[in-house]
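Working notes for the structure below.
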Amino acid sequence: MSLLAKGILQGMAVTAKNFFQSYYKKDRLPTVQYPEEKSTVNQFTRNIPFLVFDGDDPIDGMRCTACTLCEKACPPQCIYIIKDKDENGKPIKRPAVFDIDSSVCMSCQLCVEVCPFESIRMDSEFELSNENRFEGLLLNRDELLRSNEYYHEIHPLEAQETDDRIVAKEAEAAAKKKEREEKARKAAEAKKAAAEKKAAEEATAAEEAAPATENKVAETEAPKAEAAPAETAPTAESPTEPEAKQADAAPEPKAEEETPEEPEKKE
Ligand code: SF4
Ligand code: SF4
């Protein structure tokens, strides 16, 4: 039997099986009575993006940081984002405006692929028809926000994988932060130790320099002290040189001159 004939027979067998089982097995029924009934949507279905938030408050728990990467990546340019600001005009990491034109979106999921914060995901929602084909199809931020619990309901496997990734990223960020803090602490300690060492070296150098200067001062003052008496001593105790010369020149024995030669005259 050729490969082609084998394939045709296998296909006919599957068709026949579904046809007959559709009479007594509900999950084999090809149609549902929509809108009263709705068929179960496969968890891998994707239709339009939505924004995920954590916790109870959609605004505070919003994962989106308004980085605009998805806006830039969207091929038909159907995403429009404006960053939020606080009361002082300082930008906040969340969108004030996040619009998606559902009439243009082609469900390519590129916005999901580029988002670094796991904040935009594809919804399996398909009832998007609206009477107003302009504003009605433009989905704003509040209409796009869905809780993480909703994400787990429609895409359980993908949502769990996302949660695991977020936990791993947070743990990695905490480890890096701790490492940075440890490095900063060690650097501060090293800086403090270097400053203390430098101060100690300066103090030692100052101590060593102090006796040397004292000795120099003493050495420079000592000759002055010795020289001073040499100048003053002669004035106090002995006459100066001219006075001494005068003294030498003066006639010494006045007594001899005055001694009379009287006895010789008497004889
Ligand atoms: S799914 Fe594709 S077309 Fe739709 S908003 Fe995302 S990037 Fe744009
Ligand atoms: S959904 Fe993601 S990629 Fe888009 S602006 Fe928000 S954080 Fe950035």
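Simple scheme: letters A, B, ... for chains in structure tokens order, numbers from 1 for residues in each chain, numbers from 1 for ligands in the order shown.
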Show me which residues sit within 7 Å of ligand 2 when counting only C-alpha atoms and all ligand atoms, and put them as a VMD selection string. chain A and resid 51 63 to 71 111 114 to 120
Kindly provide the residues of chain A that approach ligand 1 to within 10 Å, each paired with its closest atom pair and their distance in Å to one decimal, based on only C-alpha atoms and all ligand atoms, listed by chain and increasing number, as a tab-separated table.
residue	atom	partner	partner_atom_place_in_ligand_line	distance
A:Arg46	CA	ligand 1	1 (S)	8.8
A:Asn47	CA	ligand 1	1 (S)	7.7
A:Ile48	CA	ligand 1	1 (S)	6.2
A:Pro49	CA	ligand 1	1 (S)	6.0
A:Phe50	CA	ligand 1	5 (S)	9.2
A:Cys70	CA	ligand 1	7 (S)	6.5
A:Glu71	CA	ligand 1	8 (Fe)	7.5
A:Lys72	CA	ligand 1	7 (S)	8.7
A:Ala73	CA	ligand 1	7 (S)	6.2
A:Cys74	CA	ligand 1	7 (S)	3.6
A:Pro75	CA	ligand 1	8 (Fe)	5.9
A:Pro76	CA	ligand 1	3 (S)	5.7
A:Gln77	CA	ligand 1	8 (Fe)	6.2
A:Cys78	CA	ligand 1	8 (Fe)	5.6
A:Ile79	CA	ligand 1	5 (S)	5.8
A:Tyr80	CA	ligand 1	5 (S)	9.5
A:Asp99	CA	ligand 1	5 (S)	9.3
A:Ile100	CA	ligand 1	5 (S)	6.2
A:Asp101	CA	ligand 1	5 (S)	7.6
A:Ser102	CA	ligand 1	4 (Fe)	7.4
A:Ser103	CA	ligand 1	4 (Fe)	9.4
A:Val104	CA	ligand 1	3 (S)	6.9
A:Cys105	CA	ligand 1	4 (Fe)	3.7
A:Met106	CA	ligand 1	3 (S)	4.4
A:Ser107	CA	ligand 1	1 (S)	3.8
A:Cys108	CA	ligand 1	2 (Fe)	3.9
A:Gln109	CA	ligand 1	1 (S)	3.9
A:Leu110	CA	ligand 1	7 (S)	4.3
A:Cys111	CA	ligand 1	7 (S)	4.1
A:Val112	CA	ligand 1	6 (Fe)	6.6
A:Glu113	CA	ligand 1	7 (S)	8.6
A:Val114	CA	ligand 1	7 (S)	9.0
A:Ile120	CA	ligand 1	6 (Fe)	8.7
A:Arg121	CA	ligand 1	6 (Fe)	8.8
A:Met122	CA	ligand 1	1 (S)	7.4
A:Asp123	CA	ligand 1	1 (S)	9.9
Please save N, CA and C atoms of the selected residues as an mmCIF file, in the first residue's frame.
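This is the output file part-v3.cif:
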data_model
loop_
_atom_site.group_PDB
_atom_site.id
_atom_site.type_symbol
_atom_site.label_atom_id
_atom_site.label_comp_id
_atom_site.auth_asym_id
_atom_site.auth_seq_id
_atom_site.Cartn_x
_atom_site.Cartn_y
_atom_site.Cartn_z
ATOM 1 N N ARG A 46 -5.046 32.762 21.493
ATOM 2 C CA ARG A 46 -4.639 34.156 21.718
ATOM 3 C C ARG A 46 -5.405 35.047 20.750
ATOM 4 N N ASN A 47 -5.831 36.189 21.282
ATOM 5 C CA ASN A 47 -6.629 37.060 20.449
ATOM 6 C C ASN A 47 -6.218 38.524 20.540
ATOM 7 N N ILE A 48 -6.279 39.061 21.772
ATOM 8 C CA ILE A 48 -5.971 40.483 21.952
ATOM 9 C C ILE A 48 -5.137 40.640 23.229
ATOM 10 N N PRO A 49 -4.215 41.568 23.280
ATOM 11 C CA PRO A 49 -3.395 41.694 24.502
ATOM 12 C C PRO A 49 -4.189 42.257 25.689
ATOM 13 N N PHE A 50 -3.726 41.951 26.886
ATOM 14 C CA PHE A 50 -4.249 42.582 28.106
ATOM 15 C C PHE A 50 -3.082 42.868 29.042
ATOM 16 N N CYS A 70 6.867 47.755 23.774
ATOM 17 C CA CYS A 70 5.821 47.093 22.989
ATOM 18 C C CYS A 70 5.242 48.043 21.945
ATOM 19 N N GLU A 71 5.162 49.319 22.326
ATOM 20 C CA GLU A 71 4.646 50.331 21.389
ATOM 21 C C GLU A 71 5.535 50.407 20.147
ATOM 22 N N LYS A 72 6.849 50.347 20.391
ATOM 23 C CA LYS A 72 7.798 50.434 19.273
ATOM 24 C C LYS A 72 7.805 49.148 18.449
ATOM 25 N N ALA A 73 7.575 48.001 19.136
ATOM 26 C CA ALA A 73 7.668 46.716 18.431
ATOM 27 C C ALA A 73 6.405 46.371 17.649
ATOM 28 N N CYS A 74 5.297 46.972 17.990
ATOM 29 C CA CYS A 74 4.016 46.600 17.353
ATOM 30 C C CYS A 74 4.047 46.906 15.849
ATOM 31 N N PRO A 75 3.938 45.896 14.996
ATOM 32 C CA PRO A 75 4.042 46.149 13.535
ATOM 33 C C PRO A 75 2.979 47.110 12.997
ATOM 34 N N PRO A 76 1.701 46.960 13.350
ATOM 35 C CA PRO A 76 0.733 47.928 12.791
ATOM 36 C C PRO A 76 0.587 49.202 13.629
ATOM 37 N N GLN A 77 1.431 49.347 14.641
ATOM 38 C CA GLN A 77 1.441 50.576 15.481
ATOM 39 C C GLN A 77 0.064 50.853 16.093
ATOM 40 N N CYS A 78 -0.498 49.833 16.728
ATOM 41 C CA CYS A 78 -1.835 50.021 17.310
ATOM 42 C C CYS A 78 -1.780 50.225 18.819
ATOM 43 N N ILE A 79 -0.574 50.373 19.392
ATOM 44 C CA ILE A 79 -0.453 50.646 20.836
ATOM 45 C C ILE A 79 -0.064 52.110 21.014
ATOM 46 N N TYR A 80 -0.707 52.748 21.986
ATOM 47 C CA TYR A 80 -0.411 54.164 22.258
ATOM 48 C C TYR A 80 -0.235 54.327 23.770
ATOM 49 N N ASP A 99 -3.482 52.579 25.271
ATOM 50 C CA ASP A 99 -4.581 52.227 24.372
ATOM 51 C C ASP A 99 -4.118 51.192 23.353
ATOM 52 N N ILE A 100 -5.013 50.277 23.048
ATOM 53 C CA ILE A 100 -4.765 49.332 21.951
ATOM 54 C C ILE A 100 -5.974 49.382 21.023
ATOM 55 N N ASP A 101 -5.705 49.623 19.768
ATOM 56 C CA ASP A 101 -6.792 49.648 18.783
ATOM 57 C C ASP A 101 -7.044 48.205 18.333
ATOM 58 N N SER A 102 -8.106 47.626 18.864
ATOM 59 C CA SER A 102 -8.369 46.203 18.582
ATOM 60 C C SER A 102 -8.771 45.966 17.133
ATOM 61 N N SER A 103 -9.189 47.030 16.440
ATOM 62 C CA SER A 103 -9.556 46.847 15.035
ATOM 63 C C SER A 103 -8.316 46.734 14.140
ATOM 64 N N VAL A 104 -7.170 47.123 14.685
ATOM 65 C CA VAL A 104 -5.917 47.074 13.918
ATOM 66 C C VAL A 104 -5.042 45.907 14.371
ATOM 67 N N CYS A 105 -5.126 45.560 15.671
ATOM 68 C CA CYS A 105 -4.279 44.488 16.218
ATOM 69 C C CYS A 105 -4.431 43.201 15.409
ATOM 70 N N MET A 106 -3.324 42.594 15.078
ATOM 71 C CA MET A 106 -3.361 41.370 14.269
ATOM 72 C C MET A 106 -2.942 40.148 15.080
ATOM 73 N N SER A 107 -2.963 40.266 16.413
ATOM 74 C CA SER A 107 -2.705 39.138 17.319
ATOM 75 C C SER A 107 -1.362 38.460 17.076
ATOM 76 N N CYS A 108 -0.365 39.250 16.735
ATOM 77 C CA CYS A 108 0.930 38.650 16.417
ATOM 78 C C CYS A 108 1.732 38.290 17.670
ATOM 79 N N GLN A 109 1.401 38.914 18.806
ATOM 80 C CA GLN A 109 2.036 38.643 20.102
ATOM 81 C C GLN A 109 3.457 39.195 20.211
ATOM 82 N N LEU A 110 3.860 40.031 19.299
ATOM 83 C CA LEU A 110 5.208 40.608 19.396
ATOM 84 C C LEU A 110 5.335 41.499 20.632
ATOM 85 N N CYS A 111 4.258 42.165 20.995
ATOM 86 C CA CYS A 111 4.282 43.017 22.193
ATOM 87 C C CYS A 111 4.588 42.175 23.434
ATOM 88 N N VAL A 112 4.047 40.960 23.466
ATOM 89 C CA VAL A 112 4.294 40.057 24.599
ATOM 90 C C VAL A 112 5.757 39.614 24.608
ATOM 91 N N GLU A 113 6.268 39.329 23.440
ATOM 92 C CA GLU A 113 7.645 38.834 23.332
ATOM 93 C C GLU A 113 8.670 39.852 23.823
ATOM 94 N N VAL A 114 8.422 41.132 23.518
ATOM 95 C CA VAL A 114 9.450 42.137 23.851
ATOM 96 C C VAL A 114 9.319 42.674 25.274
ATOM 97 N N ILE A 120 2.390 42.251 29.784
ATOM 98 C CA ILE A 120 1.359 42.198 28.737
ATOM 99 C C ILE A 120 1.262 40.761 28.228
ATOM 100 N N ARG A 121 0.047 40.278 28.151
ATOM 101 C CA ARG A 121 -0.188 38.896 27.740
ATOM 102 C C ARG A 121 -1.383 38.845 26.787
ATOM 103 N N MET A 122 -1.505 37.722 26.086
ATOM 104 C CA MET A 122 -2.595 37.600 25.119
ATOM 105 C C MET A 122 -3.833 37.012 25.782
ATOM 106 N N ASP A 123 -4.946 37.641 25.527
ATOM 107 C CA ASP A 123 -6.224 37.184 26.067
ATOM 108 C C ASP A 123 -6.879 36.220 25.071
#
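CA of Ile92 (chain A) to CA of Ile166 (chain A) spans 21.3 Å [interatomic distance, one decimal].
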Surrounding residues of Asn18 (chain A) excluding itself and chain neighbours under 5 positions, 10 Å, only C-alpha atoms, as a ChimeraX atom specification: /A:12-13,23,25,27-30
Write out as a ChimeraX atom specification all residues of region 18-100 of chain A that DSSP puts in alpha helix (DSSP H) for this structure's backbone. /A:18-21,69-73
I need the residues from that last selection saved to file as a PDB file, in the first residue's frame (with N, CA and C atoms), if you can.
ATOM      1  N   ASN A  18     -15.270  10.670  14.527  1.00  0.00           N
ATOM      2  CA  ASN A  18     -15.867  11.896  15.049  1.00  0.00           C
ATOM      3  C   ASN A  18     -17.347  11.994  14.671  1.00  0.00           C
ATOM      4  N   PHE A  19     -17.665  11.603  13.454  1.00  0.00           N
ATOM      5  CA  PHE A  19     -19.067  11.690  13.004  1.00  0.00           C
ATOM      6  C   PHE A  19     -19.982  10.833  13.880  1.00  0.00           C
ATOM      7  N   PHE A  20     -19.611   9.590  14.097  1.00  0.00           N
ATOM      8  CA  PHE A  20     -20.492   8.698  14.866  1.00  0.00           C
ATOM      9  C   PHE A  20     -20.494   9.044  16.360  1.00  0.00           C
ATOM     10  N   GLN A  21     -19.332   9.407  16.875  1.00  0.00           N
ATOM     11  CA  GLN A  21     -19.274   9.717  18.309  1.00  0.00           C
ATOM     12  C   GLN A  21     -20.009  11.020  18.629  1.00  0.00           C
ATOM     13  N   LEU A  69       8.422  49.710  25.004  1.00  0.00           N
ATOM     14  CA  LEU A  69       9.058  48.756  24.078  1.00  0.00           C
ATOM     15  C   LEU A  69       8.009  48.083  23.183  1.00  0.00           C
ATOM     16  N   CYS A  70       6.867  47.755  23.774  1.00  0.00           N
ATOM     17  CA  CYS A  70       5.821  47.093  22.989  1.00  0.00           C
ATOM     18  C   CYS A  70       5.242  48.043  21.945  1.00  0.00           C
ATOM     19  N   GLU A  71       5.162  49.319  22.326  1.00  0.00           N
ATOM     20  CA  GLU A  71       4.646  50.331  21.389  1.00  0.00           C
ATOM     21  C   GLU A  71       5.535  50.407  20.147  1.00  0.00           C
ATOM     22  N   LYS A  72       6.849  50.347  20.391  1.00  0.00           N
ATOM     23  CA  LYS A  72       7.798  50.434  19.273  1.00  0.00           C
ATOM     24  C   LYS A  72       7.805  49.148  18.449  1.00  0.00           C
ATOM     25  N   ALA A  73       7.575  48.001  19.136  1.00  0.00           N
ATOM     26  CA  ALA A  73       7.668  46.716  18.431  1.00  0.00           C
ATOM     27  C   ALA A  73       6.405  46.371  17.649  1.00  0.00           C
TER      28      ALA A  73
END
So what do you get for CA of Glu149 (chain A) versus CA of Arg165 (chain A), distance-wise?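 Calculated distance between CA of Glu149 (chain A) and CA of Arg165 (chain A) is 16.3 Å.
The strand (DSSP E or B) portion of region 68-220 of chain A consists of A:Ile79, A:Tyr80, A:Ile81, A:Ile82, A:Lys83, A:Asp84, A:Lys85, A:Pro91, A:Ile92, A:Lys93, A:Arg94, A:Pro95, A:Ala96, A:Val97, A:Phe98, A:Asp99, A:Ile100, A:Asp101, A:Ile120, A:Arg121, A:Met122, A:Asp123, A:Leu138, A:Leu139, A:Leu145, A:Arg146, A:Ser147, with states taken from DSSP on the backbone.
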Skipping near chain neighbours, those fewer than 2 positions away, what residues fall within 12 Å of Ile59 (chain A) using only C-alpha atoms, listed as a list in words? Leu51, Val52, Phe53, Asp54, Gly55, Asp56, Asp57, Gly61, Met62, Arg63, Cys64, Thr65, Asp84, Ile92, Lys93, Arg94, Pro95, Ala96, Val97, Arg141, Asp142, Leu144, Leu145, Arg146 and Ser147 of chain A
Computed interatomic separation between CA of Thr40 (chain A) and CA of Ile154 (chain A) (Å):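 One can read the CA of Thr40 (chain A) to CA of Ile154 (chain A) distance as 10.3 Å.
Distances here use only C-alpha atoms; by that measure, the residue among A:Gln43, A:Asn88, A:Gln10, A:Ser2 closest to His152 (chain A) is A:Gln43.
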